[in-house]
file protein.pdb (PDB, C-alpha atoms)
ATOM      1  CA  MET A   1      25.424 -27.078  51.444
ATOM      2  CA  SER A   2      23.919 -30.472  52.315
ATOM      3  CA  ARG A   3      20.490 -31.224  53.727
ATOM      4  CA  PHE A   4      18.445 -34.367  54.363
ATOM      5  CA  GLN A   5      14.824 -34.332  53.296
ATOM      6  CA  PHE A   6      11.839 -36.459  52.246
ATOM      7  CA  ALA A   7      10.508 -35.850  48.738
ATOM      8  CA  HIS A   8       7.008 -36.969  49.819
ATOM      9  CA  PRO A   9       6.824 -36.262  53.572
ATOM     10  CA  TRP A  10       3.055 -36.814  53.601
ATOM     11  CA  ALA A  11       3.695 -40.567  53.282
ATOM     12  CA  LEU A  12       5.235 -40.567  56.769
ATOM     13  CA  TRP A  13       1.871 -39.667  58.264
ATOM     14  CA  LEU A  14       0.531 -42.976  56.971
ATOM     15  CA  LEU A  15       2.877 -44.718  59.418
ATOM     16  CA  LEU A  16       0.462 -43.669  62.159
ATOM     17  CA  LEU A  17      -2.138 -46.006  60.668
ATOM     18  CA  ILE A  18       0.008 -49.100  61.327
ATOM     19  CA  PRO A  19      -0.517 -49.225  65.132
ATOM     20  CA  VAL A  20      -4.222 -48.518  64.543
ATOM     21  CA  ILE A  21      -4.442 -51.487  62.166
ATOM     22  CA  ALA A  22      -2.542 -53.651  64.669
ATOM     23  CA  VAL A  23      -4.931 -52.745  67.501
ATOM     24  CA  LEU A  24      -8.050 -53.364  65.421
ATOM     25  CA  ARG A  25      -6.656 -56.598  64.041
ATOM     26  CA  GLY A  26      -5.782 -57.841  67.528
ATOM     27  CA  ARG A  27      -9.172 -56.884  68.943
ATOM     28  CA  PHE A  28     -11.415 -58.451  66.307
ATOM     29  CA  GLY A  29      -9.078 -61.033  64.751
ATOM     30  CA  ARG A  30      -9.913 -63.055  61.672
ATOM     31  CA  GLU A  31     -13.229 -64.730  61.075
ATOM     32  CA  ALA A  32     -13.127 -68.328  62.337
ATOM     33  CA  ALA A  33     -12.631 -70.911  59.618
ATOM     34  CA  VAL A  34     -14.398 -73.645  61.652
ATOM     35  CA  GLN A  35     -17.078 -72.899  64.237
ATOM     36  CA  TYR A  36     -17.486 -75.183  67.224
ATOM     37  CA  SER A  37     -19.034 -75.057  70.682
ATOM     38  CA  GLY A  38     -15.862 -75.515  72.742
ATOM     39  CA  LEU A  39     -12.096 -75.922  72.606
ATOM     40  CA  SER A  40     -12.014 -79.099  74.671
ATOM     41  CA  LEU A  41     -12.829 -81.254  71.674
ATOM     42  CA  LEU A  42      -9.837 -79.853  69.747
ATOM     43  CA  GLY A  43      -7.280 -80.345  72.495
ATOM     44  CA  PRO A  44      -5.346 -83.111  70.760
ATOM     45  CA  LEU A  45      -5.187 -81.128  67.555
ATOM     46  CA  ILE A  46      -3.663 -77.976  69.049
ATOM     47  CA  ARG A  47       0.097 -77.681  68.680
ATOM     48  CA  ARG A  48       1.587 -74.972  70.884
ATOM     49  CA  ARG A  49       4.683 -74.764  68.692
ATOM     50  CA  ARG A  50       2.577 -73.246  65.926
ATOM     51  CA  SER A  51       0.490 -70.913  68.138
ATOM     52  CA  ARG A  52       2.794 -67.932  67.514
ATOM     53  CA  ALA A  53       2.845 -68.258  63.732
ATOM     54  CA  GLY A  54       0.145 -65.647  63.270
ATOM     55  CA  GLY A  55       2.106 -63.189  65.402
ATOM     56  CA  TRP A  56       5.220 -63.593  63.317
ATOM     57  CA  LEU A  57       3.280 -63.235  60.079
ATOM     58  CA  SER A  58       1.609 -60.062  61.392
ATOM     59  CA  ALA A  59       4.978 -58.660  62.434
ATOM     60  CA  LEU A  60       6.340 -59.298  58.942
ATOM     61  CA  MET A  61       3.314 -57.568  57.447
ATOM     62  CA  TYR A  62       3.740 -54.499  59.671
ATOM     63  CA  ALA A  63       7.484 -54.375  58.923
ATOM     64  CA  THR A  64       6.655 -54.555  55.212
ATOM     65  CA  LEU A  65       4.192 -51.672  55.470
ATOM     66  CA  THR A  66       6.658 -49.568  57.486
ATOM     67  CA  CYS A  67       9.514 -50.049  55.027
ATOM     68  CA  LEU A  68       7.345 -49.466  51.949
ATOM     69  CA  LEU A  69       5.859 -46.258  53.391
ATOM     70  CA  ILE A  70       9.334 -44.924  54.227
ATOM     71  CA  ALA A  71      10.425 -45.805  50.686
ATOM     72  CA  LEU A  72       7.345 -43.993  49.347
ATOM     73  CA  ALA A  73       8.373 -40.870  51.305
ATOM     74  CA  ARG A  74      11.684 -40.978  49.377
ATOM     75  CA  PRO A  75      14.392 -40.031  51.877
ATOM     76  CA  GLN A  76      17.193 -38.212  50.101
ATOM     77  CA  ARG A  77      20.252 -36.046  50.666
ATOM     78  CA  VAL A  78      20.559 -32.891  48.582
ATOM     79  CA  ASP A  79      23.958 -31.298  48.010
ATOM     80  CA  SER A  80      23.469 -27.792  46.611
ATOM     81  CA  THR A  81      25.974 -25.199  45.484
ATOM     82  CA  SER A  82      25.464 -21.682  44.164
ATOM     83  CA  GLN A  83      27.823 -19.848  41.865
ATOM     84  CA  VAL A  84      27.600 -16.073  41.525
ATOM     85  CA  GLN A  85      28.542 -15.440  37.918
ATOM     86  CA  GLU A  86      28.520 -11.668  38.064
ATOM     87  CA  SER A  87      28.198  -9.299  41.000
ATOM     88  CA  GLY A  88      28.013  -6.167  38.860
ATOM     89  CA  ILE A  89      29.215  -3.626  41.456
ATOM     90  CA  ASP A  90      32.554  -2.972  43.166
ATOM     91  CA  ILE A  91      32.421  -0.611  46.159
ATOM     92  CA  MET A  92      35.158   1.167  48.085
ATOM     93  CA  LEU A  93      34.248   2.643  51.465
ATOM     94  CA  ALA A  94      36.324   5.651  52.540
ATOM     95  CA  ILE A  95      35.943   6.398  56.265
ATOM     96  CA  ASP A  96      37.286   9.392  58.145
ATOM     97  CA  LEU A  97      39.139   8.490  61.380
ATOM     98  CA  SER A  98      40.391  11.946  62.277
ATOM     99  CA  PRO A  99      40.282  12.942  65.994
ATOM    100  CA  SER A 100      37.003  14.825  65.565
ATOM    101  CA  MET A 101      35.265  11.495  64.901
ATOM    102  CA  GLN A 102      35.372  10.973  68.691
ATOM    103  CA  ALA A 103      32.724  13.683  69.133
ATOM    104  CA  LEU A 104      29.689  12.475  71.067
ATOM    105  CA  ASP A 105      26.855  14.023  69.098
ATOM    106  CA  TYR A 106      24.880  10.883  68.216
ATOM    107  CA  PHE A 107      22.315   9.237  70.491
ATOM    108  CA  ARG A 108      20.804   5.739  70.616
ATOM    109  CA  ASN A 109      18.087   4.992  73.159
ATOM    110  CA  GLY A 110      19.147   8.084  75.096
ATOM    111  CA  GLN A 111      22.801   6.995  75.273
ATOM    112  CA  GLU A 112      25.607   9.088  73.786
ATOM    113  CA  LEU A 113      27.379   7.567  70.802
ATOM    114  CA  SER A 114      30.560   8.751  69.110
ATOM    115  CA  ARG A 115      30.611   9.432  65.396
ATOM    116  CA  VAL A 116      32.973   6.550  64.732
ATOM    117  CA  ASP A 117      30.680   4.146  66.614
ATOM    118  CA  ALA A 118      27.673   5.331  64.613
ATOM    119  CA  VAL A 119      29.596   4.888  61.357
ATOM    120  CA  ARG A 120      30.786   1.435  62.397
ATOM    121  CA  ASP A 121      27.196   0.246  62.937
ATOM    122  CA  ALA A 122      25.863   1.768  59.712
ATOM    123  CA  VAL A 123      28.715   0.419  57.584
ATOM    124  CA  SER A 124      28.326  -3.079  59.044
ATOM    125  CA  THR A 125      24.657  -3.127  58.080
ATOM    126  CA  PHE A 126      25.492  -1.831  54.601
ATOM    127  CA  ILE A 127      28.036  -4.615  54.058
ATOM    128  CA  GLN A 128      25.625  -7.309  55.265
ATOM    129  CA  ASP A 129      22.951  -6.047  52.857
ATOM    130  CA  ARG A 130      25.237  -6.527  49.830
ATOM    131  CA  PRO A 131      26.474 -10.145  50.025
ATOM    132  CA  ASN A 132      27.190 -10.454  46.280
ATOM    133  CA  ASP A 133      29.279  -7.299  45.815
ATOM    134  CA  ARG A 134      33.003  -6.943  46.232
ATOM    135  CA  ILE A 135      33.626  -4.305  48.896
ATOM    136  CA  GLY A 136      36.874  -2.740  50.057
ATOM    137  CA  MET A 137      37.693  -0.121  52.692
ATOM    138  CA  VAL A 138      40.076   2.823  52.998
ATOM    139  CA  VAL A 139      40.532   4.791  56.218
ATOM    140  CA  PHE A 140      41.994   8.259  56.367
ATOM    141  CA  ALA A 141      42.923  11.175  58.582
ATOM    142  CA  GLY A 142      46.254  12.931  57.958
ATOM    143  CA  GLU A 143      47.057   9.999  55.641
ATOM    144  CA  ALA A 144      44.982   7.464  53.738
ATOM    145  CA  PHE A 145      45.699   3.771  53.648
ATOM    146  CA  LEU A 146      44.002   0.570  52.569
ATOM    147  CA  MET A 147      42.212  -1.258  55.379
ATOM    148  CA  SER A 148      40.789  -3.973  53.125
ATOM    149  CA  PRO A 149      41.063  -4.669  49.381
ATOM    150  CA  LEU A 150      37.985  -5.483  47.315
ATOM    151  CA  THR A 151      36.695  -8.784  48.649
ATOM    152  CA  LEU A 152      33.688 -11.079  48.823
ATOM    153  CA  ASP A 153      34.860 -12.307  52.231
ATOM    154  CA  HIS A 154      32.507 -10.034  54.110
ATOM    155  CA  ASP A 155      33.035 -11.787  57.441
ATOM    156  CA  TRP A 156      36.675 -10.757  57.336
ATOM    157  CA  LEU A 157      35.680  -7.267  56.188
ATOM    158  CA  LEU A 158      33.269  -6.903  59.103
ATOM    159  CA  GLN A 159      36.058  -7.851  61.492
ATOM    160  CA  ASN A 160      38.055  -4.927  60.108
ATOM    161  CA  VAL A 161      35.068  -2.627  60.549
ATOM    162  CA  ASP A 162      34.906  -3.632  64.220
ATOM    163  CA  ARG A 163      38.549  -2.582  64.584
ATOM    164  CA  LEU A 164      37.950   0.962  63.322
ATOM    165  CA  GLN A 165      39.113   3.521  65.837
ATOM    166  CA  VAL A 166      40.377   7.066  65.855
ATOM    167  CA  GLY A 167      44.150   7.348  65.615
ATOM    168  CA  LEU A 168      44.776   4.649  63.012
ATOM    169  CA  ALA A 169      45.662   7.200  60.328
ATOM    170  CA  GLY A 170      47.047  10.177  62.291
ATOM    171  CA  ASP A 171      45.525  13.633  62.560
ATOM    172  CA  ALA A 172      44.053  16.104  60.040
ATOM    173  CA  THR A 173      41.764  15.152  57.117
ATOM    174  CA  ALA A 174      43.112  14.099  53.712
ATOM    175  CA  ILE A 175      39.953  13.669  51.630
ATOM    176  CA  GLY A 176      41.756  13.913  48.295
ATOM    177  CA  SER A 177      44.238  11.212  49.282
ATOM    178  CA  ALA A 178      41.410   8.902  50.349
ATOM    179  CA  LEU A 179      39.685   9.300  46.988
ATOM    180  CA  ALA A 180      42.977   8.654  45.192
ATOM    181  CA  VAL A 181      43.616   5.411  47.086
ATOM    182  CA  CYS A 182      40.063   4.224  46.360
ATOM    183  CA  ALA A 183      40.376   5.107  42.674
ATOM    184  CA  ASN A 184      43.663   3.217  42.449
ATOM    185  CA  ARG A 185      41.901   0.085  43.727
ATOM    186  CA  LEU A 186      38.953   0.452  41.352
ATOM    187  CA  ARG A 187      40.690   1.464  38.138
ATOM    188  CA  ASP A 188      41.378  -2.123  37.000
ATOM    189  CA  SER A 189      37.985  -3.426  38.067
ATOM    190  CA  LYS A 190      35.894  -5.155  35.396
ATOM    191  CA  ALA A 191      32.638  -4.516  37.242
ATOM    192  CA  LYS A 192      29.824  -2.785  35.395
ATOM    193  CA  SER A 193      29.562  -0.215  38.172
ATOM    194  CA  LYS A 194      32.359   1.184  40.377
ATOM    195  CA  ILE A 195      31.475   3.233  43.447
ATOM    196  CA  ILE A 196      33.163   5.170  46.231
ATOM    197  CA  VAL A 197      31.223   5.999  49.403
ATOM    198  CA  LEU A 198      33.181   8.649  51.315
ATOM    199  CA  LEU A 199      32.275   9.726  54.848
ATOM    200  CA  THR A 200      33.887  12.606  56.702
ATOM    201  CA  ASP A 201      33.068  15.082  59.450
ATOM    202  CA  GLY A 202      35.523  17.784  58.410
ATOM    203  CA  ALA A 203      37.243  19.647  55.609
ATOM    204  CA  ASN A 204      40.283  18.670  53.554
ATOM    205  CA  ASN A 205      43.425  20.064  55.214
ATOM    206  CA  ALA A 206      46.107  17.511  54.388
ATOM    207  CA  GLY A 207      47.443  15.432  51.520
ATOM    208  CA  LYS A 208      49.145  16.232  48.223
ATOM    209  CA  ILE A 209      46.075  15.923  46.015
ATOM    210  CA  THR A 210      43.004  18.102  46.228
ATOM    211  CA  PRO A 211      39.563  16.525  46.566
ATOM    212  CA  LEU A 212      38.373  18.101  43.323
ATOM    213  CA  ALA A 213      41.333  16.781  41.336
ATOM    214  CA  ALA A 214      40.799  13.323  42.830
ATOM    215  CA  ALA A 215      37.090  13.488  41.962
ATOM    216  CA  GLN A 216      37.906  14.415  38.372
ATOM    217  CA  ALA A 217      40.281  11.455  38.146
ATOM    218  CA  CYS A 218      37.499   9.195  39.441
ATOM    219  CA  ALA A 219      35.091  10.567  36.843
ATOM    220  CA  ALA A 220      37.628   9.826  34.097
ATOM    221  CA  LEU A 221      37.756   6.211  35.340
ATOM    222  CA  HIS A 222      33.923   6.035  35.383
ATOM    223  CA  ILE A 223      33.834   5.778  39.176
ATOM    224  CA  LYS A 224      30.751   7.172  40.897
ATOM    225  CA  ILE A 225      31.212   9.031  44.206
ATOM    226  CA  TYR A 226      28.737   9.356  47.070
ATOM    227  CA  THR A 227      29.734  11.709  49.894
ATOM    228  CA  ILE A 228      28.388  11.784  53.459
ATOM    229  CA  GLY A 229      28.792  14.586  55.980
ATOM    230  CA  ALA A 230      28.754  13.195  59.538
ATOM    231  CA  GLY A 231      28.025  15.143  62.697
ATOM    232  CA  SER A 232      25.229  17.186  64.223
ATOM    233  CA  ALA A 233      24.297  20.663  63.117
ATOM    234  CA  GLU A 234      25.306  22.180  66.464
ATOM    235  CA  MET A 235      28.325  22.303  68.747
ATOM    236  CA  ALA A 236      29.466  18.787  69.547
ATOM    237  CA  LYS A 237      30.562  17.311  72.863
ATOM    238  CA  PHE A 238      34.204  16.219  72.578
ATOM    239  CA  PRO A 239      36.209  14.138  75.084
ATOM    240  CA  ILE A 240      39.679  15.338  76.119
ATOM    241  CA  ARG A 241      42.177  14.077  78.668
ATOM    242  CA  ASP A 242      43.555  16.463  81.284
ATOM    243  CA  PRO A 243      47.369  16.479  80.840
ATOM    244  CA  PHE A 244      47.935  17.001  84.570
ATOM    245  CA  THR A 245      45.438  14.610  86.172
ATOM    246  CA  GLY A 246      44.919  12.171  83.309
ATOM    247  CA  GLN A 247      41.178  12.320  83.840
ATOM    248  CA  ARG A 248      38.746  12.572  80.959
ATOM    249  CA  THR A 249      36.842  15.806  80.636
ATOM    250  CA  TYR A 250      34.649  17.238  77.927
ATOM    251  CA  THR A 251      34.566  20.375  75.859
ATOM    252  CA  ARG A 252      32.459  21.689  72.984
ATOM    253  CA  ILE A 253      33.787  21.830  69.424
ATOM    254  CA  PRO A 254      32.166  23.292  66.302
ATOM    255  CA  VAL A 255      30.974  21.025  63.486
ATOM    256  CA  ASP A 256      33.370  21.764  60.638
ATOM    257  CA  ILE A 257      31.960  19.956  57.612
ATOM    258  CA  ASP A 258      32.832  21.445  54.226
ATOM    259  CA  VAL A 259      29.402  20.833  52.754
ATOM    260  CA  ASP A 260      30.107  22.772  49.551
ATOM    261  CA  ALA A 261      33.225  20.716  48.824
ATOM    262  CA  LEU A 262      31.436  17.428  49.470
ATOM    263  CA  LYS A 263      28.580  18.465  47.194
ATOM    264  CA  LYS A 264      31.048  19.394  44.467
ATOM    265  CA  ILE A 265      32.898  16.077  44.805
ATOM    266  CA  ALA A 266      29.611  14.165  44.476
ATOM    267  CA  GLU A 267      28.557  16.291  41.517
ATOM    268  CA  VAL A 268      31.823  15.726  39.644
ATOM    269  CA  GLY A 269      31.683  12.022  40.542
ATOM    270  CA  GLY A 270      28.124  11.637  39.275
ATOM    271  CA  GLY A 271      26.767  10.701  42.701
ATOM    272  CA  GLN A 272      24.993  12.474  45.554
ATOM    273  CA  PHE A 273      25.785  14.236  48.809
ATOM    274  CA  PHE A 274      24.049  13.192  52.036
ATOM    275  CA  ARG A 275      23.913  14.786  55.457
ATOM    276  CA  ALA A 276      23.930  12.444  58.473
ATOM    277  CA  ALA A 277      23.136  14.668  61.449
ATOM    278  CA  ASP A 278      21.829  11.894  63.750
ATOM    279  CA  ILE A 279      21.935   8.109  64.141
ATOM    280  CA  ASP A 280      18.745   7.520  62.137
ATOM    281  CA  ALA A 281      19.985   9.707  59.300
ATOM    282  CA  MET A 282      23.292   7.826  59.314
ATOM    283  CA  GLN A 283      21.521   4.484  58.911
ATOM    284  CA  ASN A 284      19.155   5.855  56.279
ATOM    285  CA  VAL A 285      22.001   7.297  54.194
ATOM    286  CA  TYR A 286      23.604   3.901  53.696
ATOM    287  CA  LYS A 287      20.200   2.320  53.097
ATOM    288  CA  THR A 288      19.486   4.934  50.426
ATOM    289  CA  ILE A 289      22.796   4.297  48.697
ATOM    290  CA  ASN A 290      22.102   0.572  48.911
ATOM    291  CA  ASN A 291      18.754   1.085  47.157
ATOM    292  CA  LEU A 292      20.209   3.419  44.536
ATOM    293  CA  GLU A 293      22.930   0.971  43.550
ATOM    294  CA  THR A 294      21.074  -2.219  42.688
ATOM    295  CA  THR A 295      22.046  -4.838  40.147
ATOM    296  CA  GLN A 296      20.700  -8.077  38.783
ATOM    297  CA  THR A 297      22.972 -10.880  39.953
ATOM    298  CA  ALA A 298      23.358 -13.894  37.684
ATOM    299  CA  THR A 299      23.459 -16.988  39.862
ATOM    300  CA  LYS A 300      23.624 -20.658  38.962
ATOM    301  CA  LYS A 301      22.414 -23.212  41.453
ATOM    302  CA  PHE A 302      23.442 -26.837  41.222
ATOM    303  CA  GLU A 303      21.813 -29.660  43.167
ATOM    304  CA  HIS A 304      22.924 -33.273  43.433
ATOM    305  CA  VAL A 305      20.271 -35.544  44.895
ATOM    306  CA  ARG A 306      21.160 -38.934  46.376
ATOM    307  CA  GLU A 307      18.158 -41.207  46.888
ATOM    308  CA  TYR A 308      17.985 -43.418  49.975
ATOM    309  CA  PHE A 309      14.597 -45.061  49.315
ATOM    310  CA  PRO A 310      16.211 -48.360  48.149
ATOM    311  CA  PHE A 311      17.491 -48.834  51.718
ATOM    312  CA  ALA A 312      13.841 -49.056  52.815
ATOM    313  CA  LEU A 313      12.350 -50.568  49.649
ATOM    314  CA  TYR A 314      14.551 -53.669  49.476
ATOM    315  CA  PRO A 315      13.995 -54.725  53.122
ATOM    316  CA  GLY A 316      10.278 -54.101  52.605
ATOM    317  CA  LEU A 317      10.206 -56.393  49.567
ATOM    318  CA  PHE A 318      12.218 -58.975  51.502
ATOM    319  CA  PHE A 319       9.753 -58.952  54.407
ATOM    320  CA  LEU A 320       6.838 -59.145  51.965
ATOM    321  CA  GLY A 321       8.331 -62.136  50.159
ATOM    322  CA  LEU A 322       9.165 -63.855  53.441
ATOM    323  CA  GLU A 323       5.642 -63.343  54.705
ATOM    324  CA  ILE A 324       4.169 -64.808  51.507
ATOM    325  CA  VAL A 325       6.478 -67.828  51.542
ATOM    326  CA  LEU A 326       5.921 -68.648  55.218
ATOM    327  CA  SER A 327       2.183 -68.158  55.034
ATOM    328  CA  HIS A 328       1.994 -70.718  52.169
ATOM    329  CA  THR A 329       4.492 -73.239  53.539
ATOM    330  CA  ARG A 330       5.530 -73.731  57.155
ATOM    331  CA  TRP A 331       2.903 -71.435  58.651
ATOM    332  CA  ARG A 332       0.177 -72.192  56.150
ATOM    333  CA  ARG A 333      -3.327 -71.653  57.520
ATOM    334  CA  VAL A 334      -5.634 -74.551  56.783
ATOM    335  CA  PRO A 335      -9.397 -73.894  57.141
TER
END

call {"tool": "encode", "arguments": {"input": "protein.pdb", "output": "C-alpha cells"}}
result
Amino acid sequence: MSRFQFAHPWALWLLLLIPVIAVLRGRFGREAAVQYSGLSLLGPLIRRRRSRAGGWLSALMYATLTCLLIALARPQRVDSTSQVQESGIDIMLAIDLSPSMQALDYFRNGQELSRVDAVRDAVSTFIQDRPNDRIGMVVFAGEAFLMSPLTLDHDWLLQNVDRLQVGLAGDATAIGSALAVCANRLRDSKAKSKIIVLLTDGANNAGKITPLAAAQACAALHIKIYTIGAGSAEMAKFPIRDPFTGQRTYTRIPVDIDVDALKKIAEVGGGQFFRAADIDAMQNVYKTINNLETTQTATKKFEHVREYFPFALYPGLFFLGLEIVLSHTRWRRVP
C-alpha cells in the first residue's frame, strides 16, 4: 500500500504568510536611502533598465521561501506492507441447503425472507468480521460437498456465499456427512484452534455416517463444533409450484429441527448449540461465535519511506544563492 504524505504538514500553513509579506512589502517598501524634495533633479541618473531589479530580487526571495517551506514540510511517499504471521484459527462453515431452507419464516423490515437468504446475510457478515482467519465452506442436503477450501481470499469466499441456493446438494439432510467433509479439511491444519460451525433446519435423514460418530471423530481431531438450529418455532410458510398451472402457491410446513441431536453434537464437539428463530437471532448467533473464538494475531508491518524534500530544498538553495549574488553584483543597491 502506497500513500503520499507530509511529515510536517503544519509547515504548509506558513506558505500563507508569503502573499501577506508581499502585500506589506509592496505597500510600505523599503526606507529611502537618500531623501530629496523631488524626482526631477534625479532624472538623468535614473536608468529604466534597472527599475525592475527589485521586483526580480523579491520574486527570487519569495521563491526561496516557498521552496524551503515545502522542504520543511518533508513530502514523502510511504510504501507499507503487513504480514500476518499467524492467524490462529481455521473455520469450516457447514450450511444446510435442503428444500426446507426455502421456508419464509424470517422477516426484515416487514418483508418475508427465506431461511437461506437470512443465512447468506449472517454468514457474509461473519466472514467479513474475521479477515485474518482461514475460512472454508461445505454445503449439504442429501449429499455434502466442498464449496470452498480453507482460504484467506475472503472476497472469493463471499462470492460463493452469494451463490448459495437450495438445490445445489439434492434433497434430504446429511448432517453426519457434512461434519465428515469439514473434519477431513481440518485434520491436517496446523492452526491452534479448529472450528466447525454447522447450520441446519432439520434432522439427519441421509448419509452413511451418523452425526454422533462424525462429532466423535471431530473431537478426536481436536475440532470444536458449534451447531445452529434455523427456523421459527411455529409452522413455516413454504413456497410450492402447482404442477398443473406452474404458478407458485404457498403451504404451511412444520419446523423439524432435531434440537436434541444438535445439542449432543455440540456437547461432544466441545462447542455450543444456538437457536436462530428470527433474523436478529441469526445475526446474533454468528456474532456470539465470533466473540467466543478470538485470537491474538501476530502481524509485522514494514514501511519504506522515500523522501522528496530535496526536490524542494535544492531549488530553494539555488534561488537563495542567485538572489544573494545578484543583489551584490549586477543588481547591487547603492545608498

call {"tool": "closest_residue", "arguments": {"input": "protein.pdb", "among": "A:Met1, A:Ile70, A:Ala214, A:Ala180", "to": "Ala266 (chain A)", "atoms": "all atoms listed in the file"}}
result
A:Ala214

call {"tool": "resolve_selection", "arguments": {"input": "protein.pdb", "expression": "the PyMOL selection byres ((chain A and resi 157) around 9)", "output": "list in words"}}
result
Ser124, Ile127, Ile135, Gly136, Met137, Met147, Ser148, Thr151, Leu152, Asp153, His154, Asp155, Trp156, Leu158, Gln159, Asn160, Val161 and Asp162 of chain A

call {"tool": "residues_around", "arguments": {"input": "protein.pdb", "residues": "Ser177 (chain A)", "least_positions_apart": "5", "cutoff": "10 Å", "atoms": "all atoms listed in the file", "output": "PyMOL selection string"}}
result
chain A and resi 140-145+182-183+204+206-211+214

call {"tool": "resolve_selection", "arguments": {"input": "protein.pdb", "expression": "the PyMOL selection byres ((chain A and resi 269-271) around 9)", "output": "PyMOL selection string"}}
result
chain A and resi 195+215-219+222-227+264-268+272-273

call {"tool": "atom_distance", "arguments": {"input": "protein.pdb", "atom1": "CA of Pro239 (chain A)", "atom2": "CA of Ser100 (chain A)"}}
result
9.6 Å

call {"tool": "residues_around", "arguments": {"input": "protein.pdb", "residues": "Leu320 (chain A)", "least_positions_apart": "3", "cutoff": "8 Å", "atoms": "all atoms listed in the file", "output": "list in words"}}
result
Leu60, Met61, Thr64, Gly316, Leu317, Glu323 and Ile324 of chain A

call {"tool": "write_last_selection", "arguments": {"input": "protein.pdb", "atoms": "C-alpha atoms", "output": "compact mmCIF listing (two decimals), in the frame of the given file"}}
result
# COMPACT_ATOMS: atom_id res chain seq x y z
CA LEU A 60 6.34 -59.30 58.94
CA MET A 61 3.31 -57.57 57.45
CA THR A 64 6.66 -54.56 55.21
CA GLY A 316 10.28 -54.10 52.60
CA LEU A 317 10.21 -56.39 49.57
CA GLU A 323 5.64 -63.34 54.70
CA ILE A 324 4.17 -64.81 51.51

call {"tool": "resolve_selection", "arguments": {"input": "protein.pdb", "expression": "the PyMOL selection byres ((chain A and resi 238) around 6)", "output": "PyMOL selection string"}}
result
chain A and resi 103+237+239+250-252

call {"tool": "residues_around", "arguments": {"input": "protein.pdb", "residues": "Ala277 (chain A)", "least_positions_apart": "4", "cutoff": "8 Å", "atoms": "all atoms listed in the file", "output": "count of residues only"}}
result
8

call {"tool": "atom_distance", "arguments": {"input": "protein.pdb", "atom1": "CA of Asp188 (chain A)", "atom2": "CA of Leu146 (chain A)"}}
result
16.0 Å

call {"tool": "closest_residue", "arguments": {"input": "protein.pdb", "among": "A:Asp278, A:Thr245, A:Val166, A:Val255", "to": "Arg108 (chain A)", "atoms": "all atoms listed in the file"}}
result
A:Asp278

call {"tool": "atom_distance", "arguments": {"input": "protein.pdb", "atom1": "CA of Ile91 (chain A)", "atom2": "CA of Lys194 (chain A)"}}
result
6.1 Å

call {"tool": "closest_residue", "arguments": {"input": "protein.pdb", "among": "A:Ile253, A:Leu186, A:Ile89, A:Val116", "to": "Leu292 (chain A)", "atoms": "all atoms listed in the file"}}
result
A:Ile89

call {"tool": "decode", "arguments": {"input": "protein.pdb", "residues": "region 198-210 of chain A", "atoms": "N, CA and C atoms", "output": "PDB file, in the first residue's frame"}}
result
ATOM      1  N   LEU A 198     -21.892 -25.438  12.130  1.00  0.00           N
ATOM      2  CA  LEU A 198     -22.888 -26.160  11.331  1.00  0.00           C
ATOM      3  C   LEU A 198     -24.266 -25.565  11.537  1.00  0.00           C
ATOM      4  N   LEU A 199     -24.941 -25.255  10.439  1.00  0.00           N
ATOM      5  CA  LEU A 199     -26.306 -24.720  10.490  1.00  0.00           C
ATOM      6  C   LEU A 199     -27.233 -25.636   9.714  1.00  0.00           C
ATOM      7  N   THR A 200     -28.365 -25.958  10.338  1.00  0.00           N
ATOM      8  CA  THR A 200     -29.375 -26.784   9.685  1.00  0.00           C
ATOM      9  C   THR A 200     -30.754 -26.428  10.208  1.00  0.00           C
ATOM     10  N   ASP A 201     -31.778 -26.755   9.424  1.00  0.00           N
ATOM     11  CA  ASP A 201     -33.151 -26.526   9.871  1.00  0.00           C
ATOM     12  C   ASP A 201     -33.917 -27.831   9.982  1.00  0.00           C
ATOM     13  N   GLY A 202     -33.184 -28.957   9.981  1.00  0.00           N
ATOM     14  CA  GLY A 202     -33.881 -30.249  10.014  1.00  0.00           C
ATOM     15  C   GLY A 202     -33.168 -31.276  10.864  1.00  0.00           C
ATOM     16  N   ALA A 203     -33.444 -32.541  10.539  1.00  0.00           N
ATOM     17  CA  ALA A 203     -32.863 -33.670  11.255  1.00  0.00           C
ATOM     18  C   ALA A 203     -32.116 -34.549  10.258  1.00  0.00           C
ATOM     19  N   ASN A 204     -31.093 -35.233  10.725  1.00  0.00           N
ATOM     20  CA  ASN A 204     -30.302 -36.096   9.851  1.00  0.00           C
ATOM     21  C   ASN A 204     -31.154 -37.254   9.325  1.00  0.00           C
ATOM     22  N   ASN A 205     -31.248 -37.376   8.005  1.00  0.00           N
ATOM     23  CA  ASN A 205     -32.025 -38.472   7.411  1.00  0.00           C
ATOM     24  C   ASN A 205     -31.360 -39.007   6.141  1.00  0.00           C
ATOM     25  N   ALA A 206     -30.072 -38.757   6.010  1.00  0.00           N
ATOM     26  CA  ALA A 206     -29.346 -39.244   4.837  1.00  0.00           C
ATOM     27  C   ALA A 206     -27.870 -39.380   5.205  1.00  0.00           C
ATOM     28  N   GLY A 207     -27.118 -40.007   4.316  1.00  0.00           N
ATOM     29  CA  GLY A 207     -25.682 -40.147   4.547  1.00  0.00           C
ATOM     30  C   GLY A 207     -25.332 -41.466   5.205  1.00  0.00           C
ATOM     31  N   LYS A 208     -24.053 -41.862   5.051  1.00  0.00           N
ATOM     32  CA  LYS A 208     -23.591 -43.141   5.583  1.00  0.00           C
ATOM     33  C   LYS A 208     -22.981 -43.039   6.971  1.00  0.00           C
ATOM     34  N   ILE A 209     -22.779 -41.841   7.463  1.00  0.00           N
ATOM     35  CA  ILE A 209     -22.189 -41.660   8.782  1.00  0.00           C
ATOM     36  C   ILE A 209     -23.160 -40.890   9.656  1.00  0.00           C
ATOM     37  N   THR A 210     -23.298 -41.313  10.885  1.00  0.00           N
ATOM     38  CA  THR A 210     -24.223 -40.643  11.791  1.00  0.00           C
ATOM     39  C   THR A 210     -23.586 -39.359  12.335  1.00  0.00           C
TER      40      THR A 210
END
